[in-house]
Amino acid sequence: MTTPKNKVLIIRLSSIGDIVLTSPIIRCLKEQLPGIEIHYLVKKQFQPLLIANPYISKIWLYEGSLSRLIQGLKAEKFDNIIDLHKNYRSCYVRSRLGKSSSSFPKLNYEKWLMVNLKINRLPGIHIVDRYFKAVQKAGVDNDGKGLDYFIPQGEEVRIDLLPKEFQNGFIAFVIGGKHITKILPEDKVIELCSKIAQPVILLGGKEDQERGERIVSKAGGALLNTCGLYSINQSASLIRQATRIITNDTGLMHIAAAFRKPVISVWGNTIPEFGMYPYLPEGLNDQSKIVEVKGLDCRPCSKIGFDKCPKKHFKCMNDQNTGSMVQLLEKGWQCDDLC
C-alpha cells in the first residue's frame with residue numbers, strides 16, 4: 001500500500017461492533033496523515049453509527065446493489081482503499097475500482113481450527129490491532145487511545161427525564177444480542193438482577209422488549225426496561241451515563257468500551273481469544289472483566305453463534321456464576337479469581 005495522497009475509502013459494511021472497532025483506524029488516519037479525506041462504505045442501516053464522526057468526510061451507503069454504487073465511487077478517484085471487511089462484497093468493490101488497496105488478517109482458518117478441532121493457533125491479537133495491519137505501510141500507527149463513538153446532537157437521553165430512582169446513577173444491562181447462544185438466558189438475568197442493589201436499566205432491541213418486561217416483573221427492585229424504545233445512539237447515550245455495564249458479547253459492549261466504562265462482558269459459545277473483547281485505551285484494561293465458563297470441551301462451538309445450543313445443554317451460559325458478577329459490581333474489579 002502506498003501512502004495515501006488525499007482520498008481514502010474505508011470498507012466495513014456491518015455490523016455494530018465491527019464498525020465501532022474500526023474507529024481507531026479512522027482517527028489515526030486523519031490525525032497522522034495531514035490533508036487526508038476519508039470516505040466510508042457501510043450498509044445503510046448502520047449509518048447512524050458513523051454520522052457524527054468528525055473524521056469522516058463522506059459516508060457511502062450500500063442498500064443491496066453494489067453495482068449502482070460503483071460508478072459514484074469511481075468518480076471519486078480514490079487513491080487507496082482500506083478493506084476492513086474482507087468478504088466477497090468488499091473484494092468486488094476493490095476489484096471494480098482498480099485502485100491500490102490493503103486489508104488485514106481475518107484468521108478464518110485459525111478460527112476454524114479452534115471451533116472444529118479445538119486446536120488453538122490464534123495469535124492472541126485483538127482485531128483492532130489486526131485492522132492496523134491494513135494501514136501499516138502508510139506509516140499509520142496505533143495511538144493507544146482506544147475506540148471512539150460520537151452521538152449525534154439531539155439523540156442524547158436526558159437523565160432528568162428518567163424515573164427518579166435512576167437519576168442518581170444506574171447500571172446498564174445489555175440483555176440483547178444477534179445470536180441466542182451469545183445471550184445470557186432470561187432466568188439467569190432475573191437471578192442476577194434480583195441480587196443487584198443498584199438501579200438497573202435493561203438495553204436491547206424490539207425483539208428483546210417482551211423478555212425485558214418479564215425480567216422486570218419477576219426480578220423486582222429498581223428495574224427499567226428500555227428494550228426497543230430507543231435508537232442505537234440513544235442507547236449509547238444511556239451507556240455513556242451508566243456507572244457500570246453488564247453486557248453480552250454484542251455491539252453495545254464495544255460502545256461501552258468506547259466510553260471507557262467499567263464493563264462486565266458475559267461470554268457464551270464464543271471466546272475472547274477470537275479477538276473481539278472490549279478494547280480499551282492503554283492503561284485502562286482493568287476496566288474490563290470477562291465472565292465465562294471455562295473447561296467446556298464443546299466451547300467454542302462457533303465463531304459467530306447459533307439459534308440454539310448444538311449440544312442442547314447450553315452450559316456455557318446456564319452455568320454462569322451470577323454471584324461473582326454481583327461481587328464485581330459491589331466490590332469493584334478486585335476479584336479476578338471469581339471470573
# chains A, B, ... in the order shown; residues from 1 in each chain; ligands from 1

$ residues_around --residues "segment 261-274 of chain A" --least-positions-apart "6" --cutoff "9 Å" --atoms "only C-alpha atoms" --output "VMD selection string"
chain A and resid 107 111 122 to 127 181 to 184 239 to 240 242 to 249 253 286 to 293 298 to 306 309 314 to 317 320 325 328 to 329 333

$ write_last_selection --atoms "N, CA and C atoms" --output "compact mmCIF listing (two decimals), in the first residue's frame"
# COMPACT_ATOMS: atom_id res chain seq x y z
N LEU A 107 -8.05 -14.39 9.86
CA LEU A 107 -7.87 -15.58 10.70
C LEU A 107 -9.00 -16.60 10.58
N LYS A 111 -9.58 -19.71 13.21
CA LYS A 111 -10.86 -19.83 13.92
C LYS A 111 -11.52 -21.17 13.63
N LEU A 122 -4.61 -19.35 17.32
CA LEU A 122 -4.96 -17.93 17.32
C LEU A 122 -3.78 -17.12 17.87
N PRO A 123 -3.49 -15.97 17.28
CA PRO A 123 -2.28 -15.23 17.65
C PRO A 123 -2.39 -14.39 18.92
N GLY A 124 -3.59 -14.32 19.51
CA GLY A 124 -3.74 -13.51 20.72
C GLY A 124 -3.67 -12.02 20.44
N ILE A 125 -4.14 -11.62 19.27
CA ILE A 125 -4.12 -10.22 18.86
C ILE A 125 -5.54 -9.73 18.66
N HIS A 126 -5.88 -8.60 19.27
CA HIS A 126 -7.21 -8.04 19.11
C HIS A 126 -7.44 -7.64 17.66
N ILE A 127 -8.70 -7.70 17.21
CA ILE A 127 -8.99 -7.36 15.82
C ILE A 127 -8.62 -5.91 15.49
N THR A 181 -27.13 -18.12 21.35
CA THR A 181 -26.04 -18.74 22.12
C THR A 181 -25.03 -17.72 22.65
N LYS A 182 -25.25 -16.43 22.34
CA LYS A 182 -24.41 -15.38 22.91
C LYS A 182 -25.19 -14.53 23.92
N ILE A 183 -26.40 -14.98 24.25
CA ILE A 183 -27.28 -14.20 25.14
C ILE A 183 -27.46 -14.93 26.47
N LEU A 184 -27.23 -14.22 27.56
CA LEU A 184 -27.49 -14.79 28.89
C LEU A 184 -28.98 -15.09 29.01
N ILE A 239 -25.68 4.19 27.85
CA ILE A 239 -24.41 3.53 28.18
C ILE A 239 -23.42 4.55 28.73
N ARG A 240 -23.31 5.69 28.08
CA ARG A 240 -22.35 6.71 28.50
C ARG A 240 -22.67 7.26 29.89
N ALA A 242 -24.26 5.56 32.32
CA ALA A 242 -24.30 4.50 33.34
C ALA A 242 -23.00 4.49 34.15
N THR A 243 -23.10 3.97 35.37
CA THR A 243 -21.91 3.85 36.21
C THR A 243 -21.10 2.61 35.82
N ARG A 244 -21.80 1.53 35.47
CA ARG A 244 -21.14 0.28 35.05
C ARG A 244 -22.03 -0.42 34.05
N ILE A 245 -21.42 -1.35 33.31
CA ILE A 245 -22.13 -2.05 32.25
C ILE A 245 -22.00 -3.55 32.44
N ILE A 246 -23.11 -4.26 32.28
CA ILE A 246 -23.10 -5.72 32.12
C ILE A 246 -23.61 -5.98 30.71
N THR A 247 -22.92 -6.82 29.96
CA THR A 247 -23.33 -6.98 28.56
C THR A 247 -22.96 -8.35 28.02
N ASN A 248 -23.78 -8.84 27.12
CA ASN A 248 -23.40 -9.99 26.32
C ASN A 248 -22.34 -9.53 25.30
N ASP A 249 -21.78 -10.48 24.58
CA ASP A 249 -20.82 -10.18 23.51
C ASP A 249 -21.61 -9.64 22.33
N MET A 253 -21.47 -3.62 23.74
CA MET A 253 -20.28 -3.88 24.53
C MET A 253 -19.12 -3.01 24.04
N ASP A 286 -7.89 -2.79 33.01
CA ASP A 286 -8.53 -3.32 34.20
C ASP A 286 -9.98 -2.86 34.33
N GLN A 287 -10.44 -2.00 33.41
CA GLN A 287 -11.84 -1.58 33.38
C GLN A 287 -12.74 -2.71 32.86
N SER A 288 -12.15 -3.67 32.18
CA SER A 288 -12.92 -4.76 31.55
C SER A 288 -12.73 -6.06 32.31
N LYS A 289 -13.84 -6.72 32.62
CA LYS A 289 -13.80 -8.04 33.24
C LYS A 289 -14.61 -9.02 32.39
N ILE A 290 -13.99 -10.12 32.03
CA ILE A 290 -14.61 -11.14 31.20
C ILE A 290 -15.12 -12.26 32.08
N VAL A 291 -16.38 -12.61 31.88
CA VAL A 291 -17.01 -13.69 32.65
C VAL A 291 -17.35 -14.82 31.67
N GLU A 292 -16.80 -15.99 31.93
CA GLU A 292 -17.04 -17.12 31.05
C GLU A 292 -16.94 -18.43 31.83
N VAL A 293 -17.57 -19.47 31.29
CA VAL A 293 -17.49 -20.80 31.88
C VAL A 293 -16.35 -21.54 31.17
N CYS A 298 -16.83 -28.36 24.53
CA CYS A 298 -17.63 -28.01 23.35
C CYS A 298 -17.49 -26.54 22.97
N ARG A 299 -16.74 -25.78 23.73
CA ARG A 299 -16.64 -24.35 23.52
C ARG A 299 -15.26 -23.98 23.00
N PRO A 300 -15.18 -23.16 21.95
CA PRO A 300 -16.26 -22.50 21.21
C PRO A 300 -16.90 -23.46 20.21
N CYS A 301 -18.21 -23.32 20.01
CA CYS A 301 -18.89 -24.16 19.04
C CYS A 301 -19.14 -23.42 17.73
N SER A 302 -18.82 -22.13 17.72
CA SER A 302 -18.99 -21.32 16.52
C SER A 302 -18.16 -20.06 16.67
N LYS A 303 -17.74 -19.47 15.56
CA LYS A 303 -17.04 -18.20 15.64
C LYS A 303 -18.05 -17.04 15.68
N ILE A 304 -19.32 -17.35 15.46
CA ILE A 304 -20.36 -16.31 15.49
C ILE A 304 -21.43 -16.67 16.51
N GLY A 305 -22.28 -17.66 16.21
CA GLY A 305 -23.33 -18.04 17.15
C GLY A 305 -24.41 -18.85 16.47
N PHE A 306 -25.31 -19.41 17.28
CA PHE A 306 -26.41 -20.24 16.80
C PHE A 306 -27.74 -19.78 17.41
N CYS A 309 -28.38 -24.08 21.37
CA CYS A 309 -27.17 -24.81 21.70
C CYS A 309 -27.11 -26.13 20.92
N PHE A 314 -26.49 -26.06 26.84
CA PHE A 314 -26.19 -24.63 26.94
C PHE A 314 -25.43 -24.29 28.22
N LYS A 315 -24.48 -25.15 28.56
CA LYS A 315 -23.72 -24.95 29.81
C LYS A 315 -22.91 -23.66 29.81
N CYS A 316 -22.50 -23.21 28.63
CA CYS A 316 -21.66 -22.01 28.58
C CYS A 316 -22.39 -20.78 29.12
N MET A 317 -23.72 -20.82 29.13
CA MET A 317 -24.49 -19.73 29.73
C MET A 317 -25.26 -20.18 30.98
N GLN A 320 -23.26 -20.03 34.22
CA GLN A 320 -22.65 -18.76 34.62
C GLN A 320 -22.93 -18.47 36.10
N MET A 325 -20.60 -12.04 39.49
CA MET A 325 -20.86 -10.77 38.82
C MET A 325 -21.33 -9.72 39.82
N LEU A 328 -18.40 -8.42 41.72
CA LEU A 328 -17.66 -7.46 40.92
C LEU A 328 -18.32 -6.08 40.96
N LEU A 329 -19.63 -6.06 40.85
CA LEU A 329 -20.36 -4.80 40.86
C LEU A 329 -20.27 -4.10 42.21
N TRP A 333 -13.36 -4.12 40.77
CA TRP A 333 -12.74 -5.11 39.92
C TRP A 333 -11.61 -5.87 40.62

$ select_by_dssp --residues "segment 5-141 of chain A" --states "alpha helix (DSSP H)" --output "MDAnalysis selection string"
chainID A and resid 16:20 23:32 66:75 88:97 108:112 127:131

$ select_by_dssp --residues "segment 16-214 of chain A" --states "strand (DSSP E or B)" --output "ChimeraX atom specification"
/A:37-43,58-62,80-83,100-102,171-174,200-203

$ atom_distance --atom1 "atom CA of Val189 of chain A" --atom2 "atom CA of Ile215 of chain A"
7.2 Å

$ closest_residue --among "A:His254, A:Lys195, A:Lys331, A:Arg260" --to "Pro278 of chain A" --atoms "only C-alpha atoms"
A:His254

$ closest_atom_pairs --of "segment 27-102 of chain A" --to "segment 10-16 of chain A" --cutoff "10 Å" --atoms "only C-alpha atoms" --output "tab-separated table"
residue	atom	partner	partner_atom	distance
A:Ile38	CA	A:Ile10	CA	7.3
A:His39	CA	A:Ile10	CA	6.2
A:Tyr40	CA	A:Ile10	CA	4.7
A:Leu41	CA	A:Ile11	CA	4.9
A:Val42	CA	A:Leu13	CA	4.0
A:Lys43	CA	A:Leu13	CA	5.0
A:Lys44	CA	A:Leu13	CA	8.6
A:Gln45	CA	A:Ser14	CA	8.9
A:Phe46	CA	A:Ile16	CA	6.9
A:Gln47	CA	A:Leu13	CA	9.8
A:Pro48	CA	A:Ile16	CA	9.9
A:Leu49	CA	A:Ile16	CA	7.4
A:Ile56	CA	A:Ile10	CA	9.8
A:Ile59	CA	A:Ile10	CA	9.6
A:Trp60	CA	A:Ile11	CA	9.4
A:Leu61	CA	A:Leu13	CA	8.7
A:Tyr62	CA	A:Leu13	CA	7.5
A:Asn80	CA	A:Ile10	CA	8.7
A:Ile81	CA	A:Ile10	CA	6.0
A:Ile82	CA	A:Ile10	CA	4.7
A:Asp83	CA	A:Ile11	CA	4.9
A:Leu84	CA	A:Arg12	CA	5.3
A:His85	CA	A:Arg12	CA	4.9
A:Lys86	CA	A:Arg12	CA	8.3
A:Asn87	CA	A:Leu13	CA	9.6
A:Arg89	CA	A:Leu13	CA	8.8
A:Ser90	CA	A:Ile11	CA	6.6
A:Cys91	CA	A:Ile11	CA	9.6
A:Val93	CA	A:Ile11	CA	8.9
A:Arg94	CA	A:Ile11	CA	9.3
A:Ser101	CA	A:Ile10	CA	9.8
A:Ser102	CA	A:Ile10	CA	9.9

$ residues_around --residues "Phe150 of chain A" --least-positions-apart "2" --cutoff "7 Å" --atoms "only C-alpha atoms" --output "mmCIF file with N, CA and C atoms, in the first residue's frame"
data_model
loop_
_atom_site.group_PDB
_atom_site.id
_atom_site.type_symbol
_atom_site.label_atom_id
_atom_site.label_comp_id
_atom_site.auth_asym_id
_atom_site.auth_seq_id
_atom_site.Cartn_x
_atom_site.Cartn_y
_atom_site.Cartn_z
ATOM 1 N N ALA A 52 -22.014 11.066 13.031
ATOM 2 C CA ALA A 52 -21.462 12.178 13.821
ATOM 3 C C ALA A 52 -19.938 12.118 13.936
ATOM 4 N N ASN A 53 -19.305 11.176 13.239
ATOM 5 C CA ASN A 53 -17.850 11.052 13.337
ATOM 6 C C ASN A 53 -17.178 12.212 12.606
ATOM 7 N N ASP A 148 -13.535 5.176 19.504
ATOM 8 C CA ASP A 148 -14.344 6.397 19.518
ATOM 9 C C ASP A 148 -15.807 6.046 19.305
ATOM 10 N N PRO A 152 -24.865 11.785 17.793
ATOM 11 C CA PRO A 152 -25.342 12.988 17.109
ATOM 12 C C PRO A 152 -26.128 13.902 18.041
#

$ atom_distance --atom1 "atom CA of Asp79 of chain A" --atom2 "atom CA of Val135 of chain A"
13.2 Å

$ atom_distance --atom1 "atom CA of Glu156 of chain A" --atom2 "atom CA of Ala219 of chain A"
27.9 Å

$ residues_around --residues "Lys164 of chain A" --least-positions-apart "3" --cutoff "12 Å" --atoms "only C-alpha atoms" --output "PyMOL selection string"
chain A and resi 159-161+167-170+199+222-224

$ closest_residue --among "A:Leu192, A:Met276, A:Leu238, A:Leu252" --to "Lys178 of chain A" --atoms "only C-alpha atoms"
A:Leu252

$ closest_residue --among "A:Leu117, A:Gly323, A:Ile36, A:Tyr88" --to "Ser57 of chain A" --atoms "only C-alpha atoms"
A:Ile36

$ closest_residue --among "A:Ala75, A:Val174, A:Leu296, A:Ile180" --to "Gly212 of chain A" --atoms "only C-alpha atoms"
A:Val174

$ residues_around --residues "Ser67 of chain A" --least-positions-apart "4" --cutoff "12 Å" --atoms "only C-alpha atoms" --output "PDB file with N, CA and C atoms, in the first residue's frame"
ATOM      1  N   TYR A  62     -24.529   1.260   1.251  1.00  0.00           N
ATOM      2  CA  TYR A  62     -24.854   0.060   0.489  1.00  0.00           C
ATOM      3  C   TYR A  62     -26.273  -0.360   0.839  1.00  0.00           C
ATOM      4  N   GLU A  63     -27.135  -0.436  -0.177  1.00  0.00           N
ATOM      5  CA  GLU A  63     -28.547  -0.763   0.046  1.00  0.00           C
ATOM      6  C   GLU A  63     -28.978  -2.009  -0.708  1.00  0.00           C
ATOM      7  N   GLN A  71     -20.234   3.312  -9.912  1.00  0.00           N
ATOM      8  CA  GLN A  71     -19.982   4.494 -10.742  1.00  0.00           C
ATOM      9  C   GLN A  71     -19.704   5.714  -9.886  1.00  0.00           C
ATOM     10  N   GLY A  72     -20.473   5.880  -8.815  1.00  0.00           N
ATOM     11  CA  GLY A  72     -20.245   7.005  -7.916  1.00  0.00           C
ATOM     12  C   GLY A  72     -18.897   6.917  -7.225  1.00  0.00           C
ATOM     13  N   LEU A  73     -18.533   5.710  -6.815  1.00  0.00           N
ATOM     14  CA  LEU A  73     -17.241   5.519  -6.164  1.00  0.00           C
ATOM     15  C   LEU A  73     -16.089   5.763  -7.139  1.00  0.00           C
ATOM     16  N   LYS A  74     -16.249   5.319  -8.391  1.00  0.00           N
ATOM     17  CA  LYS A  74     -15.206   5.539  -9.394  1.00  0.00           C
ATOM     18  C   LYS A  74     -14.962   7.023  -9.623  1.00  0.00           C
ATOM     19  N   ARG A  89     -18.144  -9.139  -1.053  1.00  0.00           N
ATOM     20  CA  ARG A  89     -18.654  -7.834  -1.495  1.00  0.00           C
ATOM     21  C   ARG A  89     -17.553  -6.777  -1.483  1.00  0.00           C
ATOM     22  N   TYR A  92     -15.191  -7.359  -4.251  1.00  0.00           N
ATOM     23  CA  TYR A  92     -15.790  -6.941  -5.523  1.00  0.00           C
ATOM     24  C   TYR A  92     -15.598  -5.441  -5.734  1.00  0.00           C
ATOM     25  N   VAL A  93     -15.844  -4.656  -4.684  1.00  0.00           N
ATOM     26  CA  VAL A  93     -15.644  -3.207  -4.779  1.00  0.00           C
ATOM     27  C   VAL A  93     -14.193  -2.893  -5.112  1.00  0.00           C
ATOM     28  N   ARG A  96     -13.425  -3.729  -8.782  1.00  0.00           N
ATOM     29  CA  ARG A  96     -14.073  -2.830  -9.736  1.00  0.00           C
ATOM     30  C   ARG A  96     -13.426  -1.446  -9.738  1.00  0.00           C
ATOM     31  N   LEU A  97     -12.966  -0.981  -8.601  1.00  0.00           N
ATOM     32  CA  LEU A  97     -12.359   0.344  -8.543  1.00  0.00           C
ATOM     33  C   LEU A  97     -10.923   0.329  -9.058  1.00  0.00           C
TER      34      LEU A  97
END

$ closest_residue --among "A:Ile255, A:Cys28, A:Ile51, A:Val326" --to "Ala197 of chain A" --atoms "only C-alpha atoms"
A:Val326

$ decode --residues "segment 148-190 of chain A" --atoms "N, CA and C atoms" --output "PDB file, in the first residue's frame"
ATOM      1  N   ASP A 148     -13.535   5.176  19.504  1.00  0.00           N
ATOM      2  CA  ASP A 148     -14.344   6.397  19.518  1.00  0.00           C
ATOM      3  C   ASP A 148     -15.807   6.046  19.305  1.00  0.00           C
ATOM      4  N   TYR A 149     -16.684   6.850  19.876  1.00  0.00           N
ATOM      5  CA  TYR A 149     -18.093   6.794  19.496  1.00  0.00           C
ATOM      6  C   TYR A 149     -18.673   8.183  19.680  1.00  0.00           C
ATOM      7  N   PHE A 150     -19.345   8.678  18.639  1.00  0.00           N
ATOM      8  CA  PHE A 150     -19.874  10.041  18.645  1.00  0.00           C
ATOM      9  C   PHE A 150     -21.398   9.994  18.515  1.00  0.00           C
ATOM     10  N   ILE A 151     -22.079  10.586  19.487  1.00  0.00           N
ATOM     11  CA  ILE A 151     -23.543  10.616  19.486  1.00  0.00           C
ATOM     12  C   ILE A 151     -24.015  11.898  18.806  1.00  0.00           C
ATOM     13  N   PRO A 152     -24.865  11.785  17.793  1.00  0.00           N
ATOM     14  CA  PRO A 152     -25.342  12.988  17.109  1.00  0.00           C
ATOM     15  C   PRO A 152     -26.128  13.902  18.041  1.00  0.00           C
ATOM     16  N   GLN A 153     -26.063  15.182  17.775  1.00  0.00           N
ATOM     17  CA  GLN A 153     -26.813  16.152  18.561  1.00  0.00           C
ATOM     18  C   GLN A 153     -28.301  15.832  18.481  1.00  0.00           C
ATOM     19  N   GLY A 154     -28.965  15.889  19.605  1.00  0.00           N
ATOM     20  CA  GLY A 154     -30.397  15.619  19.656  1.00  0.00           C
ATOM     21  C   GLY A 154     -30.753  14.185  19.988  1.00  0.00           C
ATOM     22  N   GLU A 155     -29.755  13.301  20.064  1.00  0.00           N
ATOM     23  CA  GLU A 155     -30.031  11.897  20.390  1.00  0.00           C
ATOM     24  C   GLU A 155     -29.555  11.509  21.782  1.00  0.00           C
ATOM     25  N   GLU A 156     -29.183  12.472  22.580  1.00  0.00           N
ATOM     26  CA  GLU A 156     -28.862  12.211  23.974  1.00  0.00           C
ATOM     27  C   GLU A 156     -30.154  11.980  24.765  1.00  0.00           C
ATOM     28  N   VAL A 157     -30.136  11.014  25.640  1.00  0.00           N
ATOM     29  CA  VAL A 157     -31.266  10.776  26.549  1.00  0.00           C
ATOM     30  C   VAL A 157     -31.012  11.569  27.829  1.00  0.00           C
ATOM     31  N   ARG A 158     -31.887  12.479  28.119  1.00  0.00           N
ATOM     32  CA  ARG A 158     -31.717  13.300  29.328  1.00  0.00           C
ATOM     33  C   ARG A 158     -32.002  12.474  30.573  1.00  0.00           C
ATOM     34  N   ILE A 159     -31.015  12.428  31.452  1.00  0.00           N
ATOM     35  CA  ILE A 159     -31.143  11.604  32.653  1.00  0.00           C
ATOM     36  C   ILE A 159     -32.225  12.126  33.580  1.00  0.00           C
ATOM     37  N   ASP A 160     -32.506  13.431  33.528  1.00  0.00           N
ATOM     38  CA  ASP A 160     -33.531  14.005  34.401  1.00  0.00           C
ATOM     39  C   ASP A 160     -34.939  13.629  33.957  1.00  0.00           C
ATOM     40  N   LEU A 161     -35.078  13.021  32.777  1.00  0.00           N
ATOM     41  CA  LEU A 161     -36.379  12.560  32.316  1.00  0.00           C
ATOM     42  C   LEU A 161     -36.624  11.090  32.635  1.00  0.00           C
ATOM     43  N   LEU A 162     -35.609  10.417  33.176  1.00  0.00           N
ATOM     44  CA  LEU A 162     -35.785   9.037  33.620  1.00  0.00           C
ATOM     45  C   LEU A 162     -36.543   9.025  34.946  1.00  0.00           C
ATOM     46  N   PRO A 163     -37.141   7.891  35.310  1.00  0.00           N
ATOM     47  CA  PRO A 163     -37.758   7.795  36.639  1.00  0.00           C
ATOM     48  C   PRO A 163     -36.762   8.207  37.726  1.00  0.00           C
ATOM     49  N   LYS A 164     -37.279   8.790  38.786  1.00  0.00           N
ATOM     50  CA  LYS A 164     -36.440   9.432  39.792  1.00  0.00           C
ATOM     51  C   LYS A 164     -35.351   8.522  40.350  1.00  0.00           C
ATOM     52  N   GLU A 165     -35.673   7.245  40.572  1.00  0.00           N
ATOM     53  CA  GLU A 165     -34.702   6.340  41.198  1.00  0.00           C
ATOM     54  C   GLU A 165     -33.506   6.051  40.302  1.00  0.00           C
ATOM     55  N   PHE A 166     -33.571   6.445  39.014  1.00  0.00           N
ATOM     56  CA  PHE A 166     -32.466   6.202  38.094  1.00  0.00           C
ATOM     57  C   PHE A 166     -31.631   7.460  37.835  1.00  0.00           C
ATOM     58  N   GLN A 167     -32.001   8.561  38.448  1.00  0.00           N
ATOM     59  CA  GLN A 167     -31.335   9.829  38.150  1.00  0.00           C
ATOM     60  C   GLN A 167     -30.038  10.038  38.921  1.00  0.00           C
ATOM     61  N   ASN A 168     -29.781   9.218  39.924  1.00  0.00           N
ATOM     62  CA  ASN A 168     -28.551   9.339  40.707  1.00  0.00           C
ATOM     63  C   ASN A 168     -27.558   8.218  40.421  1.00  0.00           C
ATOM     64  N   GLY A 169     -27.709   7.599  39.267  1.00  0.00           N
ATOM     65  CA  GLY A 169     -26.789   6.533  38.878  1.00  0.00           C
ATOM     66  C   GLY A 169     -27.505   5.218  38.654  1.00  0.00           C
ATOM     67  N   PHE A 170     -27.046   4.479  37.668  1.00  0.00           N
ATOM     68  CA  PHE A 170     -27.659   3.180  37.354  1.00  0.00           C
ATOM     69  C   PHE A 170     -26.641   2.304  36.634  1.00  0.00           C
ATOM     70  N   ILE A 171     -26.907   0.995  36.676  1.00  0.00           N
ATOM     71  CA  ILE A 171     -26.143   0.017  35.907  1.00  0.00           C
ATOM     72  C   ILE A 171     -26.907  -0.262  34.618  1.00  0.00           C
ATOM     73  N   ALA A 172     -26.217  -0.251  33.493  1.00  0.00           N
ATOM     74  CA  ALA A 172     -26.831  -0.612  32.222  1.00  0.00           C
ATOM     75  C   ALA A 172     -26.573  -2.093  31.950  1.00  0.00           C
ATOM     76  N   PHE A 173     -27.618  -2.829  31.652  1.00  0.00           N
ATOM     77  CA  PHE A 173     -27.531  -4.270  31.408  1.00  0.00           C
ATOM     78  C   PHE A 173     -28.004  -4.538  29.978  1.00  0.00           C
ATOM     79  N   VAL A 174     -27.086  -4.900  29.099  1.00  0.00           N
ATOM     80  CA  VAL A 174     -27.416  -5.198  27.703  1.00  0.00           C
ATOM     81  C   VAL A 174     -27.845  -6.651  27.618  1.00  0.00           C
ATOM     82  N   ILE A 175     -29.147  -6.881  27.472  1.00  0.00           N
ATOM     83  CA  ILE A 175     -29.671  -8.251  27.504  1.00  0.00           C
ATOM     84  C   ILE A 175     -29.850  -8.841  26.108  1.00  0.00           C
ATOM     85  N   GLY A 176     -29.674  -8.014  25.067  1.00  0.00           N
ATOM     86  CA  GLY A 176     -29.893  -8.485  23.706  1.00  0.00           C
ATOM     87  C   GLY A 176     -28.651  -9.058  23.063  1.00  0.00           C
ATOM     88  N   GLY A 177     -28.800  -9.411  21.805  1.00  0.00           N
ATOM     89  CA  GLY A 177     -27.707  -9.980  21.021  1.00  0.00           C
ATOM     90  C   GLY A 177     -28.254 -10.599  19.754  1.00  0.00           C
ATOM     91  N   LYS A 178     -27.400 -10.789  18.775  1.00  0.00           N
ATOM     92  CA  LYS A 178     -27.843 -11.293  17.480  1.00  0.00           C
ATOM     93  C   LYS A 178     -28.105 -12.790  17.500  1.00  0.00           C
ATOM     94  N   HIS A 179     -27.367 -13.526  18.321  1.00  0.00           N
ATOM     95  CA  HIS A 179     -27.487 -14.987  18.344  1.00  0.00           C
ATOM     96  C   HIS A 179     -27.823 -15.463  19.761  1.00  0.00           C
ATOM     97  N   ILE A 180     -28.748 -16.401  19.847  1.00  0.00           N
ATOM     98  CA  ILE A 180     -29.229 -16.899  21.148  1.00  0.00           C
ATOM     99  C   ILE A 180     -28.080 -17.454  21.987  1.00  0.00           C
ATOM    100  N   THR A 181     -27.125 -18.116  21.346  1.00  0.00           N
ATOM    101  CA  THR A 181     -26.044 -18.737  22.116  1.00  0.00           C
ATOM    102  C   THR A 181     -25.033 -17.721  22.646  1.00  0.00           C
ATOM    103  N   LYS A 182     -25.246 -16.435  22.339  1.00  0.00           N
ATOM    104  CA  LYS A 182     -24.409 -15.378  22.907  1.00  0.00           C
ATOM    105  C   LYS A 182     -25.190 -14.532  23.918  1.00  0.00           C
ATOM    106  N   ILE A 183     -26.401 -14.976  24.252  1.00  0.00           N
ATOM    107  CA  ILE A 183     -27.277 -14.204  25.137  1.00  0.00           C
ATOM    108  C   ILE A 183     -27.460 -14.931  26.471  1.00  0.00           C
ATOM    109  N   LEU A 184     -27.232 -14.218  27.563  1.00  0.00           N
ATOM    110  CA  LEU A 184     -27.485 -14.786  28.891  1.00  0.00           C
ATOM    111  C   LEU A 184     -28.977 -15.093  29.011  1.00  0.00           C
ATOM    112  N   PRO A 185     -29.346 -16.342  29.363  1.00  0.00           N
ATOM    113  CA  PRO A 185     -30.755 -16.724  29.407  1.00  0.00           C
ATOM    114  C   PRO A 185     -31.571 -15.871  30.371  1.00  0.00           C
ATOM    115  N   GLU A 186     -32.851 -15.799  30.091  1.00  0.00           N
ATOM    116  CA  GLU A 186     -33.759 -14.950  30.865  1.00  0.00           C
ATOM    117  C   GLU A 186     -33.728 -15.265  32.355  1.00  0.00           C
ATOM    118  N   ASP A 187     -33.740 -16.545  32.704  1.00  0.00           N
ATOM    119  CA  ASP A 187     -33.763 -16.882  34.127  1.00  0.00           C
ATOM    120  C   ASP A 187     -32.467 -16.461  34.826  1.00  0.00           C
ATOM    121  N   LYS A 188     -31.351 -16.486  34.100  1.00  0.00           N
ATOM    122  CA  LYS A 188     -30.083 -16.039  34.687  1.00  0.00           C
ATOM    123  C   LYS A 188     -30.069 -14.513  34.854  1.00  0.00           C
ATOM    124  N   VAL A 189     -30.667 -13.803  33.905  1.00  0.00           N
ATOM    125  CA  VAL A 189     -30.772 -12.345  34.024  1.00  0.00           C
ATOM    126  C   VAL A 189     -31.644 -11.972  35.218  1.00  0.00           C
ATOM    127  N   ILE A 190     -32.748 -12.682  35.382  1.00  0.00           N
ATOM    128  CA  ILE A 190     -33.633 -12.440  36.540  1.00  0.00           C
ATOM    129  C   ILE A 190     -32.886 -12.706  37.840  1.00  0.00           C
TER     130      ILE A 190
END
